[in-house]
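Trainee: Below is the file target_3.cif, which contains mmCIF, C-alpha atoms.
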data_model
loop_
_atom_site.group_PDB
_atom_site.id
_atom_site.type_symbol
_atom_site.label_atom_id
_atom_site.label_comp_id
_atom_site.auth_asym_id
_atom_site.auth_seq_id
_atom_site.Cartn_x
_atom_site.Cartn_y
_atom_site.Cartn_z
ATOM 1 C CA MET A 50 17.217 -37.475 -2.860
ATOM 2 C CA LYS A 51 16.374 -35.669 -6.082
ATOM 3 C CA ARG A 52 18.698 -34.863 -8.949
ATOM 4 C CA ILE A 53 18.545 -32.088 -11.515
ATOM 5 C CA VAL A 54 17.816 -33.471 -14.976
ATOM 6 C CA GLU A 55 17.614 -30.204 -16.916
ATOM 7 C CA ILE A 56 17.767 -26.438 -16.363
ATOM 8 C CA VAL A 57 16.288 -23.876 -18.759
ATOM 9 C CA PRO A 58 16.061 -20.072 -18.542
ATOM 10 C CA ALA A 59 12.699 -18.640 -17.516
ATOM 11 C CA ARG A 60 10.970 -16.299 -19.933
ATOM 12 C CA PRO A 61 10.255 -12.753 -18.734
ATOM 13 C CA GLY A 62 6.980 -12.434 -16.858
ATOM 14 C CA TRP A 63 7.276 -15.461 -14.534
ATOM 15 C CA TYR A 64 7.336 -14.741 -10.791
ATOM 16 C CA ALA A 65 7.459 -16.728 -7.550
ATOM 17 C CA ARG A 66 5.154 -15.383 -4.831
ATOM 18 C CA TRP A 67 6.099 -15.887 -1.179
ATOM 19 C CA GLN A 68 3.968 -15.286 1.943
ATOM 20 C CA LEU A 69 5.956 -13.298 4.528
ATOM 21 C CA ALA A 70 3.157 -12.607 7.014
ATOM 22 C CA PRO A 71 -0.615 -13.164 7.045
ATOM 23 C CA ASP A 72 -1.122 -9.889 5.156
ATOM 24 C CA ALA A 73 2.174 -9.567 3.258
ATOM 25 C CA THR A 74 3.467 -11.245 0.108
ATOM 26 C CA ARG A 75 6.514 -10.645 -2.056
ATOM 27 C CA CYS A 76 7.266 -11.640 -5.654
ATOM 28 C CA TYR A 77 10.653 -12.309 -7.178
ATOM 29 C CA PRO A 78 11.286 -12.936 -10.884
ATOM 30 C CA VAL A 79 11.904 -16.603 -11.738
ATOM 31 C CA THR A 80 15.302 -16.893 -13.434
ATOM 32 C CA VAL A 81 15.446 -20.612 -14.304
ATOM 33 C CA TRP A 82 13.187 -23.680 -14.367
ATOM 34 C CA ALA A 83 14.724 -26.937 -13.168
ATOM 35 C CA LEU A 84 13.425 -30.436 -13.898
ATOM 36 C CA LEU A 85 14.027 -32.637 -10.842
ATOM 37 C CA GLU A 86 13.833 -36.420 -10.743
ATOM 38 C CA GLU A 87 13.661 -38.814 -7.797
ATOM 39 C CA ALA A 88 16.820 -40.914 -7.390
ATOM 40 C CA ASP A 89 14.892 -44.047 -8.405
ATOM 41 C CA GLY A 90 13.424 -42.285 -11.465
ATOM 42 C CA ALA A 91 9.874 -42.747 -10.128
ATOM 43 C CA GLY A 92 8.789 -39.115 -10.111
ATOM 44 C CA ARG A 93 9.623 -35.792 -11.710
ATOM 45 C CA GLU A 94 8.731 -32.196 -10.938
ATOM 46 C CA VAL A 95 9.537 -28.753 -12.286
ATOM 47 C CA ILE A 96 10.559 -25.989 -9.892
ATOM 48 C CA GLY A 97 11.312 -22.338 -10.519
ATOM 49 C CA VAL A 98 14.366 -20.744 -8.940
ATOM 50 C CA ASP A 99 13.900 -17.041 -8.310
ATOM 51 C CA CYS A 100 16.428 -14.230 -8.657
ATOM 52 C CA VAL A 101 17.516 -14.513 -5.017
ATOM 53 C CA GLY A 102 18.097 -18.273 -5.255
ATOM 54 C CA GLN A 103 14.940 -19.482 -3.497
ATOM 55 C CA TRP A 104 12.741 -22.389 -4.558
ATOM 56 C CA PRO A 105 9.925 -24.301 -2.855
ATOM 57 C CA GLY A 106 11.363 -26.736 -0.327
ATOM 58 C CA ALA A 107 14.858 -25.234 -0.113
ATOM 59 C CA GLU A 108 16.316 -25.170 3.385
ATOM 60 C CA ASP A 109 17.917 -21.734 3.042
ATOM 61 C CA ASN A 110 14.932 -19.719 1.789
ATOM 62 C CA GLU A 111 14.131 -16.367 3.387
ATOM 63 C CA ALA A 112 13.308 -16.904 7.072
ATOM 64 C CA GLY A 113 9.564 -17.157 7.662
ATOM 65 C CA ALA A 114 8.677 -17.100 3.958
ATOM 66 C CA GLU A 115 6.314 -19.742 2.556
ATOM 67 C CA PHE A 116 5.953 -20.397 -1.154
ATOM 68 C CA VAL A 117 2.473 -19.473 -2.436
ATOM 69 C CA ARG A 118 2.564 -20.016 -6.206
ATOM 70 C CA TYR A 119 4.144 -19.184 -9.523
ATOM 71 C CA LEU A 120 2.391 -16.534 -11.539
ATOM 72 C CA PHE A 121 2.736 -15.207 -15.044
ATOM 73 C CA GLN A 122 2.156 -11.576 -15.855
ATOM 74 C CA SER A 123 3.088 -10.510 -19.366
ATOM 75 C CA PRO A 124 5.740 -7.774 -19.472
ATOM 76 C CA GLU A 125 3.236 -5.563 -21.326
ATOM 77 C CA ALA A 126 0.838 -5.824 -18.359
ATOM 78 C CA GLY A 127 3.456 -4.484 -15.959
ATOM 79 C CA ARG A 128 4.916 -6.019 -12.836
ATOM 80 C CA PRO A 129 3.139 -7.489 -9.804
ATOM 81 C CA ASP A 130 2.393 -4.945 -7.068
ATOM 82 C CA ASP A 131 4.376 -6.943 -4.514
ATOM 83 C CA LEU A 132 7.519 -7.278 -6.655
ATOM 84 C CA LEU A 133 10.682 -6.672 -4.686
ATOM 85 C CA PRO A 134 12.610 -3.784 -6.262
ATOM 86 C CA GLU A 135 15.772 -4.909 -8.049
ATOM 87 C CA PRO A 136 18.964 -4.224 -6.081
ATOM 88 C CA GLU A 137 21.127 -1.551 -7.726
ATOM 89 C CA GLY A 138 23.895 -4.059 -8.467
ATOM 90 C CA ARG A 139 21.578 -6.311 -10.494
ATOM 91 C CA ARG A 140 20.275 -3.744 -12.958
ATOM 92 C CA LEU A 141 21.608 -3.770 -16.485
ATOM 93 C CA PRO A 142 23.594 -0.740 -17.604
ATOM 94 C CA VAL A 143 21.570 1.603 -19.799
ATOM 95 C CA ALA A 144 23.761 0.817 -22.845
ATOM 96 C CA SER A 145 22.907 -2.892 -22.637
ATOM 97 C CA GLN A 146 19.189 -2.095 -22.650
ATOM 98 C CA ALA A 147 19.395 -0.281 -25.989
ATOM 99 C CA VAL A 148 17.279 -1.614 -28.836
ATOM 100 C CA VAL A 149 18.862 -1.768 -32.280
ATOM 101 C CA VAL A 150 16.458 -0.998 -35.102
ATOM 102 C CA GLY A 151 17.493 -1.516 -38.648
#
Mind turning the file's structure into structure tokens?

Mentor:
Amino acid sequence: MKRIVEIVPARPGWYARWQLAPDATRCYPVTVWALLEEADGAGREVIGVDCVGQWPGAEDNEAGAEFVRYLFQSPEAGRPDDLLPEPEGRRLPVASQAVVVG
């Protein structure tokens, strides 16, 4: 069994890509990185947890989806073509997206 040693927020631009079918992939933004350690302390690994709560090896991931890889695409470069659109309830209100200059 593994235990979580540390959790840190993911920077914008990190995505987890999942294979849904031979010709279909989907990306979700990674929200946090978790450092996992084996119970005996012998091994450690870092996993990304995406915005829908999936991570490689989780038992309750989307049915039929297989983890492909993590990818980084700078926010200036845009979003991956296979990014799942954000659900309406998860978007920030316009007021919270305002930039204060001064």

Trainee: Expressed in Å to a single decimal, how great is the separation between atom CA of Tyr119 of chain A and atom CA of Asp89 of chain A?

Mentor: 27.1 Å

Trainee: Any chance you could work out the residue set of the PyMOL selection byres ((chain A and resi 76-82) around 12) here, as a PDB file with C-alpha atoms, keeping the file's coordinate frame?

Mentor:
ATOM      1  CA  ILE A  53      18.545 -32.088 -11.515  1.00  0.00           C
ATOM      2  CA  VAL A  54      17.816 -33.471 -14.976  1.00  0.00           C
ATOM      3  CA  GLU A  55      17.614 -30.204 -16.916  1.00  0.00           C
ATOM      4  CA  ILE A  56      17.767 -26.438 -16.363  1.00  0.00           C
ATOM      5  CA  VAL A  57      16.288 -23.876 -18.759  1.00  0.00           C
ATOM      6  CA  PRO A  58      16.061 -20.072 -18.542  1.00  0.00           C
ATOM      7  CA  ALA A  59      12.699 -18.640 -17.516  1.00  0.00           C
ATOM      8  CA  ARG A  60      10.970 -16.299 -19.933  1.00  0.00           C
ATOM      9  CA  PRO A  61      10.255 -12.753 -18.734  1.00  0.00           C
ATOM     10  CA  GLY A  62       6.980 -12.434 -16.858  1.00  0.00           C
ATOM     11  CA  TRP A  63       7.276 -15.461 -14.534  1.00  0.00           C
ATOM     12  CA  TYR A  64       7.336 -14.741 -10.791  1.00  0.00           C
ATOM     13  CA  ALA A  65       7.459 -16.728  -7.550  1.00  0.00           C
ATOM     14  CA  ARG A  66       5.154 -15.383  -4.831  1.00  0.00           C
ATOM     15  CA  TRP A  67       6.099 -15.887  -1.179  1.00  0.00           C
ATOM     16  CA  GLN A  68       3.968 -15.286   1.943  1.00  0.00           C
ATOM     17  CA  LEU A  69       5.956 -13.298   4.528  1.00  0.00           C
ATOM     18  CA  ALA A  73       2.174  -9.567   3.258  1.00  0.00           C
ATOM     19  CA  THR A  74       3.467 -11.245   0.108  1.00  0.00           C
ATOM     20  CA  ARG A  75       6.514 -10.645  -2.056  1.00  0.00           C
ATOM     21  CA  ALA A  83      14.724 -26.937 -13.168  1.00  0.00           C
ATOM     22  CA  LEU A  84      13.425 -30.436 -13.898  1.00  0.00           C
ATOM     23  CA  LEU A  85      14.027 -32.637 -10.842  1.00  0.00           C
ATOM     24  CA  GLU A  94       8.731 -32.196 -10.938  1.00  0.00           C
ATOM     25  CA  VAL A  95       9.537 -28.753 -12.286  1.00  0.00           C
ATOM     26  CA  ILE A  96      10.559 -25.989  -9.892  1.00  0.00           C
ATOM     27  CA  GLY A  97      11.312 -22.338 -10.519  1.00  0.00           C
ATOM     28  CA  VAL A  98      14.366 -20.744  -8.940  1.00  0.00           C
ATOM     29  CA  ASP A  99      13.900 -17.041  -8.310  1.00  0.00           C
ATOM     30  CA  CYS A 100      16.428 -14.230  -8.657  1.00  0.00           C
ATOM     31  CA  VAL A 101      17.516 -14.513  -5.017  1.00  0.00           C
ATOM     32  CA  GLY A 102      18.097 -18.273  -5.255  1.00  0.00           C
ATOM     33  CA  GLN A 103      14.940 -19.482  -3.497  1.00  0.00           C
ATOM     34  CA  TRP A 104      12.741 -22.389  -4.558  1.00  0.00           C
ATOM     35  CA  PRO A 105       9.925 -24.301  -2.855  1.00  0.00           C
ATOM     36  CA  GLU A 111      14.131 -16.367   3.387  1.00  0.00           C
ATOM     37  CA  ALA A 114       8.677 -17.100   3.958  1.00  0.00           C
ATOM     38  CA  GLU A 115       6.314 -19.742   2.556  1.00  0.00           C
ATOM     39  CA  PHE A 116       5.953 -20.397  -1.154  1.00  0.00           C
ATOM     40  CA  VAL A 117       2.473 -19.473  -2.436  1.00  0.00           C
ATOM     41  CA  ARG A 118       2.564 -20.016  -6.206  1.00  0.00           C
ATOM     42  CA  TYR A 119       4.144 -19.184  -9.523  1.00  0.00           C
ATOM     43  CA  LEU A 120       2.391 -16.534 -11.539  1.00  0.00           C
ATOM     44  CA  PHE A 121       2.736 -15.207 -15.044  1.00  0.00           C
ATOM     45  CA  GLN A 122       2.156 -11.576 -15.855  1.00  0.00           C
ATOM     46  CA  PRO A 124       5.740  -7.774 -19.472  1.00  0.00           C
ATOM     47  CA  ARG A 128       4.916  -6.019 -12.836  1.00  0.00           C
ATOM     48  CA  PRO A 129       3.139  -7.489  -9.804  1.00  0.00           C
ATOM     49  CA  ASP A 130       2.393  -4.945  -7.068  1.00  0.00           C
ATOM     50  CA  ASP A 131       4.376  -6.943  -4.514  1.00  0.00           C
ATOM     51  CA  LEU A 132       7.519  -7.278  -6.655  1.00  0.00           C
ATOM     52  CA  LEU A 133      10.682  -6.672  -4.686  1.00  0.00           C
ATOM     53  CA  PRO A 134      12.610  -3.784  -6.262  1.00  0.00           C
ATOM     54  CA  GLU A 135      15.772  -4.909  -8.049  1.00  0.00           C
ATOM     55  CA  PRO A 136      18.964  -4.224  -6.081  1.00  0.00           C
TER      56      PRO A 136
END

Trainee: Atom CA of Lys51 of chain A to atom CA of Glu87 of chain A: how many Å, to one decimal?

Mentor: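 Atom CA of Glu87 of chain A lies at a distance of 4.5 Å from atom CA of Lys51 of chain A.
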
Trainee: Would you mind reading off the distance between atom CA of Arg93 of chain A and atom CA of Met50 of chain A, one decimal, in Å?

Mentor: 11.8 Å
